[in-house]
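Visitor: Before anything else, here's the structure in question.
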Amino acid sequence: MKQSKKMLAALVAIPASVIVAGEVQAAEPELMTDDEIVVKLNTDIPNLSEATLKETLLTMREQYKLLSPDKQALVIDYNKVEELIEEKEKAAAKAVEELIRNLYDDSPFEKIEAARKAYNELTDVEKAYVPSNIVTYLEKIEVHVVKLKEQAKTEAQVIIDRITRITGSYTETEIRSIRLAYQALSVLAQSYVTNYQSLVNAENNIIYQNTVVKEAKLAAAGFDEYMSKITRYSTTQEIAKARAYYNSLSAETRKHVSTYEKLVRLETMWKDPDYIGLVYTYYPEYVHAVKPGAITVTKPTYDPLYIPDESTWTSSNGSFANVIPDAATWSPYNEMMYQNGSYVTKLTSSQVANYTDPNVVLKANNVNIVLPMTDLKTASGTVGVALTLSNNQINIQFSAGNSAMQFSKYVEIHIPMSIIKGNASQIIQRVSGDGSSVASYKVDGSNFIIRTKSSGTFKTATAKVNYRDIGTGTQGQSILELAKHGIAYNTTARQVNVNNYVSRADIATMITSALDLSSSSKSSFADLGNALSASRAQGLLEAGIMSGLTSSSYSPTATVTKQEAAIILSNMYRYLNQDLSLAYNELKSNYRDISNLTYEARQSIAILELFGVVNGTGTFNPNENLTRGQFAELFHKALKAIDYL
């Protein structure tokens with residue numbers, strides 16, 4: 001017997017144990033002879049059944065193969081071993097085949113990966129029993145899975161970007177819309193959202209605001225109500241009781257108390273209480289210190305921001321009222337003062353801290369200036385506003401402290417047309433050192449409403465609309481209406497070329513004209529040429545409306561498909577703070593040809609459908625390139641849908 005045969009025969013031998021130095025060690029197995037193997041096989045084969053382990057059958061096969069032909073002839077009914085092995089192999093292949101047959105495109109990835117692992121673990125013989133079309137089906141699903149993962153990553157990136165833009169000024173509705181958009185993602189796409197905790201933190205902050213802060217405001221209102229009954233004629237015991245009441249309030253509640261200065265004043269009244277009452281009522285910014293028995297005051301020079309309210313003067317006794325008026329009743333919140341040819345006012349963050357309205361309205365000679373409250377509350381330093389009306393132009397300047405102020409949301413200037421000698425057929429232009437550009441505005445009856453986020457000078461101008469090739473259809477009418485607002489394509493020889501494909505530069509020109517959008521930051525796009533200014537391209541990028549095709553390439557001459565235009569316009573709606581929560585919550589569309597698009601594209605089309613920009617019937621043709629006429633009509637509808645024009 002050869003040595004290799006002896007070693008294999010030893011596999012069926014029962015090992016013995018010997019004691020060596022107090023340890024149990026396995027002894028070398030006893031070797032079996034060919035005759036012993038024949039006897040063992042003839043003993044075991046009759047007892048074989050379907051329940052016999054495959055490993056046992058394979059061991060018997062190896063033993064049999066090591067026997068000589070003469071000895072193999074002595075083994076009775078060996079074919080039973082091979083038949084059982086074949087049955088085991090077919091059964092293993094059949095089980096994997098069933099796993100694969102039960103897979104679908106939307107099967108959990110764990111099931112697909114389990115089926116692949118099971119197939120890979122089959123032997124080559126077992127794999128041969130799996131039909132080739134079943135293997136092809138598995139490979140097809142795996143390719144689909146790769147695409148799904150890439151799509152999931154793309155869809156997740158949209159949510160990642162939205163979560164990244166969350167700030168402390170986001171409202172509950174805005175946070176909820178992001179949550180709904182996140183929940184609309186597939187489980188796989190959700191797993192790729194890397195900043196999910198930031199969304200949770202924002203939601204927790206909203207909960208905190210709705211519970212702790214809300215309760216604190218109610219408690220603060222209770223204290224303020226109590227303080228309304230405490231006057232300079234109250235006893236020291238009553239004032240001390242008010243102090244004890246205040247000291248019992250939580251730190252959060254104290255933030256919302258509006259009568260604390262009154263309590264301090266009453267605690268520290270000195271020789272001239274009427275004068276101290278005047279200071280605290282009208283000049284709180286100039287109270288520098290409060291000491292036991294005295295207050296250090298620097299008497300201010302005339303400041304138009306603090307105008308005594310006549311309602312607090314009691315003529316019968318010639319003294320000031322005992323209750324400090326609420327900040328919201330001060331006249332500077334409405335009327336701007338006229339000084340040296342300009343209307344001016346100043347607003348401090350402390351003045352607007354408890355102001356609940358979303359905007360502050362300033363009035364100056366029939367001009368209303370609507371300022372967003374969120375920017376005022378977060379401004380660095382006192383906000384100054386100066387308005388000048390001269391030479392049929394309006395100049396407005398915003399400052400925060402000693403610097404120019406840039407608002408994050410639009411300031412609206414409502415100005416009668418007559419003040420700047422304009423009419424409804426004219427447009428509003430922003431005047432700058434290198435010429436004029438169309439401003440963001442709309443006509444409201446006999447008023448212009450100018451939108452701006454920065455200081456500037458504005459004037460009226462005659463709209464030069466003289467195209468030769470726009471026709472009288474809906475596309476031509478849209479081009480004409482946009483042009484009346486100074487929103488127009490770059491044209492030559494009065495030719496719009498409505499049937500030419502619209503380019504990325506064309507769309508950028510239209511949107512930046514409508515939104516008065518640009519940026520002073522340096523652009524990284526190196527391929528803009530004369531097609532589009534770098535400031536406009538960068539403005540669109542920073543606004544989150546349009547990016548380049550790469551970080552350094554804008555591809556201004558590239559054409560734009562319908563689904564790409566839908567994404568751009570929905571981004572514009574987000575920039576303009578439109579409520580898109582319904583589209584996030586109910587991502588439904590009646591178009592029958594968009595189901596295979598990315599989530600971002602489907603969501604954007606649903607948004608346009610929600611606002612009535614598209615009708616949702618039939619097919620959308622998402623991969624169709626838009627013409628200049630088609631985009632103008634789509635853009636005009638998008639702006640009209642939100643009353644922007």
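We label chains A, B, ... in the order they appear in the structure tokens, count residues from 1 in each chain, and number ligands from 1 in the order shown.
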Please provide the set of residues having any atom within 7 Å of segment 193-207 of chain A, restricted to only C-alpha atoms, with same-chain residues fewer than 3 positions apart removed, written as number ranges by chain.
Guide: A: 156, 160, 163, 172, 175, 189-190, 210-211
Visitor: Please identify all polymer residues within 12 Å of Ala543 of chain A, counting only C-alpha atoms, omitting same-chain residues fewer than 2 positions from it, and present them as a list in words.
Guide: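 Near neighbours after the sequence-gap exclusion: Arg165, Ser408, Lys409, Ile511, Thr512, Leu515, Asp516, Leu517, Ser518, Ser519, Arg536, Ala537, Gln538, Gly539, Leu540, Leu541, Ile545, Met546, Ser547, Ile568, Asn571, Met572, Tyr573, Arg574, Tyr575, Leu576 and Asn577 of chain A.
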Visitor: With N, CA and C atoms retained, write the just-selected residues as an mmCIF file, in the first residue's frame.
Guide:
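The new file selection-v5.cif reads:
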data_model
loop_
_atom_site.group_PDB
_atom_site.id
_atom_site.type_symbol
_atom_site.label_atom_id
_atom_site.label_comp_id
_atom_site.auth_asym_id
_atom_site.auth_seq_id
_atom_site.Cartn_x
_atom_site.Cartn_y
_atom_site.Cartn_z
ATOM 1 N N ARG A 165 -27.825 73.286 4.787
ATOM 2 C CA ARG A 165 -28.232 74.699 4.739
ATOM 3 C C ARG A 165 -29.105 75.116 5.926
ATOM 4 N N SER A 408 -30.206 88.289 3.905
ATOM 5 C CA SER A 408 -30.312 86.930 3.371
ATOM 6 C C SER A 408 -31.639 86.729 2.646
ATOM 7 N N LYS A 409 -32.636 87.526 3.015
ATOM 8 C CA LYS A 409 -33.929 87.487 2.341
ATOM 9 C C LYS A 409 -34.180 88.854 1.698
ATOM 10 N N ILE A 511 -32.734 83.848 -15.350
ATOM 11 C CA ILE A 511 -33.002 83.750 -13.912
ATOM 12 C C ILE A 511 -32.306 84.869 -13.145
ATOM 13 N N THR A 512 -31.056 85.142 -13.476
ATOM 14 C CA THR A 512 -30.344 86.205 -12.745
ATOM 15 C C THR A 512 -30.948 87.569 -13.027
ATOM 16 N N LEU A 515 -34.160 87.676 -10.796
ATOM 17 C CA LEU A 515 -33.910 87.700 -9.353
ATOM 18 C C LEU A 515 -32.876 88.740 -8.947
ATOM 19 N N ASP A 516 -32.362 89.499 -9.918
ATOM 20 C CA ASP A 516 -31.314 90.494 -9.623
ATOM 21 C C ASP A 516 -30.187 89.815 -8.839
ATOM 22 N N LEU A 517 -29.688 88.733 -9.407
ATOM 23 C CA LEU A 517 -28.783 87.845 -8.676
ATOM 24 C C LEU A 517 -27.370 87.918 -9.241
ATOM 25 N N SER A 518 -26.411 88.120 -8.340
ATOM 26 C CA SER A 518 -25.008 88.102 -8.734
ATOM 27 C C SER A 518 -24.185 87.884 -7.476
ATOM 28 N N SER A 519 -22.870 87.805 -7.631
ATOM 29 C CA SER A 519 -21.997 87.604 -6.480
ATOM 30 C C SER A 519 -20.685 88.343 -6.708
ATOM 31 N N ARG A 536 -22.659 86.438 -12.337
ATOM 32 C CA ARG A 536 -23.988 85.818 -12.397
ATOM 33 C C ARG A 536 -23.888 84.308 -12.175
ATOM 34 N N ALA A 537 -22.915 83.676 -12.798
ATOM 35 C CA ALA A 537 -22.732 82.227 -12.618
ATOM 36 C C ALA A 537 -22.466 81.903 -11.158
ATOM 37 N N GLN A 538 -21.632 82.712 -10.512
ATOM 38 C CA GLN A 538 -21.310 82.482 -9.104
ATOM 39 C C GLN A 538 -22.526 82.758 -8.221
ATOM 40 N N GLY A 539 -23.319 83.764 -8.591
ATOM 41 C CA GLY A 539 -24.533 84.062 -7.833
ATOM 42 C C GLY A 539 -25.510 82.898 -7.852
ATOM 43 N N LEU A 540 -25.686 82.273 -9.004
ATOM 44 C CA LEU A 540 -26.566 81.107 -9.113
ATOM 45 C C LEU A 540 -26.035 79.940 -8.311
ATOM 46 N N LEU A 541 -24.718 79.763 -8.315
ATOM 47 C CA LEU A 541 -24.098 78.674 -7.562
ATOM 48 C C LEU A 541 -24.321 78.877 -6.064
ATOM 49 N N ILE A 545 -29.161 77.386 -7.044
ATOM 50 C CA ILE A 545 -30.098 77.231 -8.157
ATOM 51 C C ILE A 545 -29.475 76.464 -9.318
ATOM 52 N N MET A 546 -28.258 76.853 -9.714
ATOM 53 C CA MET A 546 -27.557 76.167 -10.806
ATOM 54 C C MET A 546 -26.077 76.058 -10.444
ATOM 55 N N SER A 547 -25.524 74.884 -10.662
ATOM 56 C CA SER A 547 -24.092 74.699 -10.465
ATOM 57 C C SER A 547 -23.456 74.449 -11.824
ATOM 58 N N ILE A 568 -33.876 72.960 -11.982
ATOM 59 C CA ILE A 568 -33.411 74.344 -11.816
ATOM 60 C C ILE A 568 -34.537 75.226 -11.264
ATOM 61 N N ASN A 571 -35.284 74.478 -7.650
ATOM 62 C CA ASN A 571 -34.238 75.090 -6.821
ATOM 63 C C ASN A 571 -34.498 76.588 -6.643
ATOM 64 N N MET A 572 -34.992 77.227 -7.702
ATOM 65 C CA MET A 572 -35.322 78.647 -7.615
ATOM 66 C C MET A 572 -36.450 78.861 -6.607
ATOM 67 N N TYR A 573 -37.433 77.985 -6.599
ATOM 68 C CA TYR A 573 -38.526 78.087 -5.625
ATOM 69 C C TYR A 573 -37.997 77.958 -4.197
ATOM 70 N N ARG A 574 -37.032 77.050 -3.995
ATOM 71 C CA ARG A 574 -36.445 76.907 -2.647
ATOM 72 C C ARG A 574 -35.729 78.200 -2.252
ATOM 73 N N TYR A 575 -35.007 78.772 -3.194
ATOM 74 C CA TYR A 575 -34.283 80.016 -2.916
ATOM 75 C C TYR A 575 -35.250 81.137 -2.540
ATOM 76 N N LEU A 576 -36.431 81.130 -3.157
ATOM 77 C CA LEU A 576 -37.429 82.160 -2.890
ATOM 78 C C LEU A 576 -38.330 81.790 -1.713
ATOM 79 N N ASN A 577 -37.935 80.742 -0.964
ATOM 80 C CA ASN A 577 -38.623 80.344 0.274
ATOM 81 C C ASN A 577 -40.087 79.982 0.047
#
Visitor: Point out the residue among A:Asp375, A:Leu185, A:Thr457, A:Tyr119 with the least atom-to-atom distance to Gly168 of chain A, counting only C-alpha atoms.
Guide: A:Asp375
Visitor: Can you tell me, as number ranges by chain, what residues are no more than 9 Å from Leu41 of chain A when counting only C-alpha atoms, ignoring any on the same chain fewer than 6 positions away?
Guide: A: 60, 63-64, 75-76, 78
Visitor: Please indicate the distance in Å from atom CA of Met510 of chain A to atom CA of Ile594 of chain A, rounded to one decimal place.
Guide: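 Atom CA of Ile594 of chain A lies 26.4 Å from atom CA of Met510 of chain A.
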Visitor: Per DSSP on the backbone, filter segment 416-474 of chain A down to the residues in strand (DSSP E or B) and report them as a PyMOL selection string.
Guide: chain A and resi 416+426-432+435-438+440-444+447-452+456-462
Visitor: Would you save the residues of that selection, restricted to N, CA and C atoms, as a short mmCIF file (atom, residue, chain, number, x, y, z; two decimals), in the first residue's frame?
Guide:
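Below you can see again15.cif, which holds the result:
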data_model
loop_
_atom_site.label_atom_id
_atom_site.label_comp_id
_atom_site.auth_asym_id
_atom_site.auth_seq_id
_atom_site.Cartn_x
_atom_site.Cartn_y
_atom_site.Cartn_z
N PRO A 416 -44.73 104.37 -4.87
CA PRO A 416 -45.66 104.83 -5.91
C PRO A 416 -44.90 105.21 -7.19
N GLN A 426 -43.12 100.65 -17.87
CA GLN A 426 -41.68 100.77 -17.73
C GLN A 426 -41.12 99.65 -16.85
N ILE A 427 -39.80 99.58 -16.83
CA ILE A 427 -39.13 98.59 -16.01
C ILE A 427 -38.27 99.30 -14.97
N ILE A 428 -37.83 98.55 -13.96
CA ILE A 428 -36.94 99.08 -12.93
C ILE A 428 -35.53 98.56 -13.17
N GLN A 429 -34.58 99.49 -13.17
CA GLN A 429 -33.18 99.12 -13.37
C GLN A 429 -32.36 99.48 -12.14
N ARG A 430 -31.34 98.67 -11.87
CA ARG A 430 -30.37 98.99 -10.82
C ARG A 430 -29.23 99.77 -11.48
N VAL A 431 -28.91 100.90 -10.92
CA VAL A 431 -27.87 101.76 -11.47
C VAL A 431 -26.55 101.46 -10.77
N SER A 432 -25.50 101.25 -11.55
CA SER A 432 -24.18 101.00 -10.98
C SER A 432 -23.13 101.79 -11.75
N GLY A 435 -22.88 100.94 -15.51
CA GLY A 435 -24.09 100.91 -16.32
C GLY A 435 -25.30 100.51 -15.51
N SER A 436 -26.31 99.99 -16.20
CA SER A 436 -27.55 99.59 -15.54
C SER A 436 -27.86 98.14 -15.85
N SER A 437 -28.55 97.50 -14.90
CA SER A 437 -29.01 96.12 -15.11
C SER A 437 -30.42 96.02 -14.56
N VAL A 438 -31.16 95.07 -15.05
CA VAL A 438 -32.55 94.92 -14.63
C VAL A 438 -32.61 94.51 -13.17
N SER A 440 -34.89 93.21 -9.71
CA SER A 440 -36.02 92.32 -9.43
C SER A 440 -37.17 93.18 -8.94
N TYR A 441 -38.33 93.12 -9.62
CA TYR A 441 -39.44 93.98 -9.25
C TYR A 441 -40.73 93.41 -9.81
N LYS A 442 -41.84 93.97 -9.36
CA LYS A 442 -43.11 93.69 -10.00
C LYS A 442 -43.99 94.93 -9.88
N VAL A 443 -45.04 94.97 -10.69
CA VAL A 443 -46.00 96.07 -10.68
C VAL A 443 -47.20 95.65 -9.84
N ASP A 444 -47.58 96.52 -8.88
CA ASP A 444 -48.72 96.25 -8.02
C ASP A 444 -49.63 97.47 -8.03
N ASN A 447 -48.15 101.03 -7.88
CA ASN A 447 -46.86 100.97 -7.19
C ASN A 447 -45.89 100.03 -7.90
N PHE A 448 -44.62 100.31 -7.75
CA PHE A 448 -43.57 99.35 -8.05
C PHE A 448 -43.18 98.67 -6.73
N ILE A 449 -42.92 97.39 -6.78
CA ILE A 449 -42.35 96.67 -5.63
C ILE A 449 -40.96 96.20 -6.05
N ILE A 450 -39.95 96.86 -5.51
CA ILE A 450 -38.56 96.53 -5.85
C ILE A 450 -38.02 95.57 -4.80
N ARG A 451 -37.37 94.51 -5.25
CA ARG A 451 -36.78 93.54 -4.34
C ARG A 451 -35.25 93.65 -4.40
N THR A 452 -34.63 93.70 -3.24
CA THR A 452 -33.17 93.76 -3.21
C THR A 452 -32.67 93.19 -1.89
N GLY A 456 -28.49 99.99 -2.96
CA GLY A 456 -28.44 100.25 -4.40
C GLY A 456 -29.27 101.45 -4.80
N THR A 457 -29.08 101.86 -6.05
CA THR A 457 -29.84 102.95 -6.64
C THR A 457 -30.69 102.38 -7.77
N PHE A 458 -31.96 102.80 -7.83
CA PHE A 458 -32.88 102.23 -8.81
C PHE A 458 -33.61 103.36 -9.55
N LYS A 459 -33.93 103.06 -10.81
CA LYS A 459 -34.64 104.05 -11.62
C LYS A 459 -35.55 103.32 -12.60
N THR A 460 -36.44 104.07 -13.20
CA THR A 460 -37.30 103.49 -14.24
C THR A 460 -36.62 103.66 -15.60
N ALA A 461 -37.01 102.79 -16.52
CA ALA A 461 -36.50 102.88 -17.89
C ALA A 461 -37.55 102.29 -18.81
N THR A 462 -37.50 102.68 -20.06
CA THR A 462 -38.45 102.17 -21.05
C THR A 462 -37.98 100.80 -21.53
#
Visitor: Would you work out the distance separating atom CA of Glu50 of chain A from atom CA of Lys88 of chain A, expressed in Å to one decimal?
Guide: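 Those two atoms sit 8.3 Å apart.
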Visitor: Using only C-alpha atoms, can you tell me which of A:Leu31, A:Val352, A:Ala91, A:Val498 comes closest to Leu371 of chain A?
Guide: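 Looking only at the distances to Leu371 of chain A, the closest residue turns out to be A:Val352.
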Visitor: So the first atom is atom CA of Val130 of chain A and the second is atom CA of Glu97 of chain A; what is the distance between them in Å, to one decimal place?
Guide: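 Between these atoms lies a distance of 6.2 Å.
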Visitor: Applying 10 Å and only C-alpha atoms, which residues near Glu600 of chain A remain after dropping the ones on its own chain fewer than 3 positions away? List them as a PyMOL selection string.
Guide: chain A and resi 151+154-159+563-564+566-567+570+597+603-606
Visitor: For a quick check of understanding, using only C-alpha atoms, which of A:Leu180, A:Asp34, A:Asp44, A:Ser258 has the smallest distance to Gln72 of chain A?
Guide: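 Ranked by minimum distance to Gln72 of chain A, first place goes to A:Asp34.
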Visitor: Considering only C-alpha atoms, return as a count of residues only whatever protein or nucleic-acid residues lie within 12 Å of segment 212-223 of chain A, sequence-local ones (same chain, fewer than 4 positions apart) excluded.
Guide: 32
Visitor: Out of A:Asp593, A:Lys153, A:Glu225, A:Thr472, which residue has the shortest atom-to-atom distance to Ser186 of chain A when counting only C-alpha atoms?
Guide: A:Lys153
